[in-house]
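K.L.:
Please read through the structure below; I'll follow up with questions.
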Amino acid sequence: MTDPLTQLIHHPYQPPAGFAAPQPGVFKASTVIFPSVAAMRTRDWKTKSGYTYGLHGTPTTFVLEERIAALEGGLQTVLVPSGLAAIANVALALLQTGDEVLIPDNAYGPNKALAEGELAAFGISHAYYDPLSVADLAARITDRTKLVWLEAVGSVTMEFPDLIAQARLCRQRGVVSALDNTWGAGIAFNPFDLDGQGLGVDVSAHALTKYPSGGGDVLMGAVTTRDEALHLKLKLTHMRLGLGVGANDAEAVLRALPSIGLRYRAQDHAARELARWCSGQAAFAQVLHPALDDAPGHAAWQQVCGAADARGQGAAAGLFSVIVDARYPAAQVDAFCDALRLFKLGYSWGGPVSLVVPYDLASMRTQWPAHLARGTLVRFSLGLEAVADLQADLAQALAVALPI
């Protein structure tokens, strides 16, 4: 090599092995170099025994997959570009024309939209079940049911289902159970061992966008399993769909993971304190937080999350919702949200900034749940601000927009 441009590309220097640091290295690649044709032909990316192409894994993404699997109590994880992509990966891997998927009526809205849109177009039917009635779920499972989605807590309305009974029912009926575990985040409970005796779900889908990222600046999801054959199904579909995540996004999640427990519990503590305060405000007809004694599914939350917590107090994330009394029109509730100064209007949660979103609950459910008061629902996501400042923000917005 005489041309310096060629030398730049084929420079022989290799840094010495043995470099170690608190954070894993960031490896970026589409092309992966093989030492020989034999290696090219025999390497197997599916077992993480070697590297074949950037889309199929790098040292950075392999490390993140293993850490998410450990966090959730699983054995295998695949990474995808978002939480919704995790849900889609599960559905497309496990369902085919003629099959049916059951979804709780309080599920994450895009999961429903996927069933009503693409899955329906593929000839895959769906039905919604009452998340607080195991009997209703049992009555809806048929020979065509191949996948049951579980969600704890329910999106927006915060119900905690009887996860143990739901998982047991799915196992008895031979139906794959998949849990949206974004709220639990691997902190509140082990989705693969709900009762301390090994009873759990088959698949855990997790929006790493939320607590694992922690910064409100990364979109990513994960699908975790304990069963090798099931994992291979998910992984092959993952490969055929061309799903992948960026190295810098993986780096950001790896950097945030060591503090996830501290952040989760801090936001949990803040949410409980504010939820209790909101329970005493006349403008709110109902406060929805699973740790409150009168919350829908409180006993089920205590059974699962209390048992998983060494203190027996249970974990409950940093979310809660309120139902503003029906005497206030929706426009006035919007004005309340606009009047908040520290709570910012925005979707998602788990980041450092507290968020608020008003919802049209009637448009999100097949019918108004009997356990919910009538009115307009507002969801709060707690960030890392001082609780006293957030409470003062709520108080001033109530005084401005929702006077008694």
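Residues are named by chain letter and number: chains run A, B, ... in the order of the structure tokens, numbers start at 1 in each chain, and ligands are numbered from 1 in the order shown.
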Considering only strand (DSSP E) as DSSP defines it on the backbone, what residues of stretch 44-229 of chain A qualify? List them as a VMD selection string.
P.N.:
chain A and resid 76 to 80 100 to 104 125 to 129 145 to 151 176 to 180 203 to 207 221 to 225
K.L.:
Stretch 254-391 of chain A: which residues are helix (DSSP H, G or I) by DSSP, as a PyMOL selection string?
P.N.:
chain A and resi 254-278+298-308+330-339+361-363+387-391
K.L.:
Just the residues within 9 Å of A:Val287, please, counting only C-alpha atoms, with nothing from its chain fewer than 6 positions along; format it as a list in words.
P.N.:
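With the cut-off at 9 Å, the set is Ala275, Arg276, Cys278, Ser279, Ala295, Phe320, Ser321, Val322, Ile323 and Val324 of chain A.
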K.L.:
Could the residues in this selection be written to a file with N, CA and C atoms, as a PDB file, in the first residue's frame?
P.N.:
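To be explicit, this is the file written out as part_10.pdb:
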```pdb
ATOM      1  N   ALA A 275     -51.228  11.613  44.528  1.00  0.00           N
ATOM      2  CA  ALA A 275     -52.519  10.941  44.374  1.00  0.00           C
ATOM      3  C   ALA A 275     -53.338  11.059  45.661  1.00  0.00           C
ATOM      4  N   ARG A 276     -52.672  10.899  46.810  1.00  0.00           N
ATOM      5  CA  ARG A 276     -53.387  11.048  48.087  1.00  0.00           C
ATOM      6  C   ARG A 276     -53.889  12.481  48.260  1.00  0.00           C
ATOM      7  N   CYS A 278     -54.620  14.570  45.842  1.00  0.00           N
ATOM      8  CA  CYS A 278     -55.718  14.776  44.892  1.00  0.00           C
ATOM      9  C   CYS A 278     -57.019  14.154  45.391  1.00  0.00           C
ATOM     10  N   SER A 279     -56.914  13.091  46.186  1.00  0.00           N
ATOM     11  CA  SER A 279     -58.107  12.443  46.725  1.00  0.00           C
ATOM     12  C   SER A 279     -58.918  13.395  47.612  1.00  0.00           C
ATOM     13  N   ALA A 295     -58.827   1.691  44.954  1.00  0.00           N
ATOM     14  CA  ALA A 295     -58.528   1.650  43.519  1.00  0.00           C
ATOM     15  C   ALA A 295     -59.001   0.336  42.906  1.00  0.00           C
ATOM     16  N   PHE A 320     -50.562   8.324  37.788  1.00  0.00           N
ATOM     17  CA  PHE A 320     -51.911   8.207  38.329  1.00  0.00           C
ATOM     18  C   PHE A 320     -52.834   9.068  37.488  1.00  0.00           C
ATOM     19  N   SER A 321     -54.122   8.769  37.569  1.00  0.00           N
ATOM     20  CA  SER A 321     -55.124   9.527  36.827  1.00  0.00           C
ATOM     21  C   SER A 321     -56.177  10.055  37.785  1.00  0.00           C
ATOM     22  N   VAL A 322     -56.843  11.107  37.362  1.00  0.00           N
ATOM     23  CA  VAL A 322     -57.997  11.621  38.096  1.00  0.00           C
ATOM     24  C   VAL A 322     -59.162  11.722  37.121  1.00  0.00           C
ATOM     25  N   ILE A 323     -60.356  11.569  37.639  1.00  0.00           N
ATOM     26  CA  ILE A 323     -61.552  11.859  36.850  1.00  0.00           C
ATOM     27  C   ILE A 323     -62.147  13.144  37.407  1.00  0.00           C
ATOM     28  N   VAL A 324     -62.095  14.170  36.577  1.00  0.00           N
ATOM     29  CA  VAL A 324     -62.633  15.464  36.974  1.00  0.00           C
ATOM     30  C   VAL A 324     -64.151  15.367  36.976  1.00  0.00           C
TER      31      VAL A 324
END
```
K.L.:
Separation of atom CA of A:Leu402 and atom CA of A:Tyr108, in Å?
P.N.:
28.5 Å
K.L.:
With distances taken over only C-alpha atoms, which of A:Pro81, A:Gly184, A:Gly174, A:Gly216 is nearest to A:Ala152?
P.N.:
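For A:Ala152, the nearest of the given residues is A:Gly184.
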K.L.:
What's the 12 Å shell around A:Ser259, counting only C-alpha atoms, without same-chain residues fewer than 6 positions away, as a JSON list (two decimals) with C-alpha atoms, in the first residue's frame?
P.N.:
```json
[["chain", "number", "residue", "atom", "x", "y", "z"],
["A", 187, "ILE", "CA", -39.11, -3.38, 39.09],
["A", 211, "TYR", "CA", -38.16, 3.91, 32.64],
["A", 212, "PRO", "CA", -35.11, 2.12, 31.16],
["A", 213, "SER", "CA", -34.30, 5.19, 29.06],
["A", 214, "GLY", "CA", -35.35, 7.67, 31.73],
["A", 215, "GLY", "CA", -34.51, 10.74, 29.68],
["A", 253, "VAL", "CA", -30.36, 3.00, 27.67],
["A", 265, "ARG", "CA", -39.02, 4.43, 43.32],
["A", 266, "ALA", "CA", -38.62, 8.21, 43.49]]
```
K.L.:
Which one is closest to A:Asp143: A:Val175, A:Thr6, A:Pro358, A:Ser125? Count only C-alpha atoms.
P.N.:
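Looking only at the distances to A:Asp143, the closest residue turns out to be A:Val175.
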K.L.:
Show me, as a list in words, the residues that have an atom within 7 Å of stretch 392-395 of chain A when counting only C-alpha atoms, minus same-chain residues fewer than 2 positions from it.
P.N.:
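Listed by chain and then number, they are Leu340, Arg341, Leu342, Ala388, Asp389, Leu390, Ala397, Leu398 and Ala399 of chain A.
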K.L.:
As number ranges by chain, please: the residues near A:Leu55 (cut-off 12 Å, only C-alpha atoms, same-chain neighbours under 4 positions excluded).
P.N.:
A: 27-32, 45-46, 51, 59-62, 78-81, 235, 238-247
K.L.:
With C-alpha atoms retained, write the just-selected residues as a PDB file, in the first residue's frame.
P.N.:
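Everything below was put into result-v6.pdb:
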```pdb
ATOM      1  CA  PHE A  27     -20.130  -0.596  18.359  1.00  0.00           C
ATOM      2  CA  LYS A  28     -21.646   0.753  15.137  1.00  0.00           C
ATOM      3  CA  ALA A  29     -21.831  -1.434  12.062  1.00  0.00           C
ATOM      4  CA  SER A  30     -23.898  -2.550   9.156  1.00  0.00           C
ATOM      5  CA  THR A  31     -21.085  -4.652   7.654  1.00  0.00           C
ATOM      6  CA  VAL A  32     -19.328  -7.139   9.918  1.00  0.00           C
ATOM      7  CA  TRP A  45     -26.319 -14.848  15.040  1.00  0.00           C
ATOM      8  CA  LYS A  46     -29.378 -16.533  16.601  1.00  0.00           C
ATOM      9  CA  TYR A  51     -21.631 -11.556  14.590  1.00  0.00           C
ATOM     10  CA  PRO A  59     -21.532  -6.257  21.247  1.00  0.00           C
ATOM     11  CA  THR A  60     -23.507  -3.188  22.351  1.00  0.00           C
ATOM     12  CA  THR A  61     -26.967  -4.550  21.562  1.00  0.00           C
ATOM     13  CA  PHE A  62     -26.138  -8.029  22.829  1.00  0.00           C
ATOM     14  CA  VAL A  78     -34.839  -8.930  21.303  1.00  0.00           C
ATOM     15  CA  LEU A  79     -34.650  -5.166  20.859  1.00  0.00           C
ATOM     16  CA  VAL A  80     -36.999  -3.226  18.598  1.00  0.00           C
ATOM     17  CA  PRO A  81     -37.390   0.463  17.667  1.00  0.00           C
ATOM     18  CA  LYS A 235     -36.436 -13.682  16.797  1.00  0.00           C
ATOM     19  CA  HIS A 238     -37.758  -9.898  14.167  1.00  0.00           C
ATOM     20  CA  MET A 239     -35.105 -10.722  11.566  1.00  0.00           C
ATOM     21  CA  ARG A 240     -37.553 -10.977   8.652  1.00  0.00           C
ATOM     22  CA  LEU A 241     -39.114  -7.622   9.534  1.00  0.00           C
ATOM     23  CA  GLY A 242     -35.682  -6.008   9.594  1.00  0.00           C
ATOM     24  CA  LEU A 243     -36.113  -4.603  13.083  1.00  0.00           C
ATOM     25  CA  GLY A 244     -33.086  -2.992  14.673  1.00  0.00           C
ATOM     26  CA  VAL A 245     -32.003  -0.239  17.069  1.00  0.00           C
ATOM     27  CA  GLY A 246     -29.271   2.375  16.788  1.00  0.00           C
ATOM     28  CA  ALA A 247     -26.037   1.954  18.702  1.00  0.00           C
TER      29      ALA A 247
END
```
K.L.:
So that I can check the surroundings of A:Lys112, please list as a ChimeraX atom specification every protein, DNA and RNA residue that reaches within 10 Å of it, counting only C-alpha atoms and ignoring chain neighbours fewer than 6 positions away.
P.N.:
/A:102-106,119,126-128,364
K.L.:
Suppose you want the space between atom CA of A:Ala401 and atom CA of A:Arg365; what is it in Å?
P.N.:
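Calculated distance between atom CA of A:Ala401 and atom CA of A:Arg365 is 27.1 Å.
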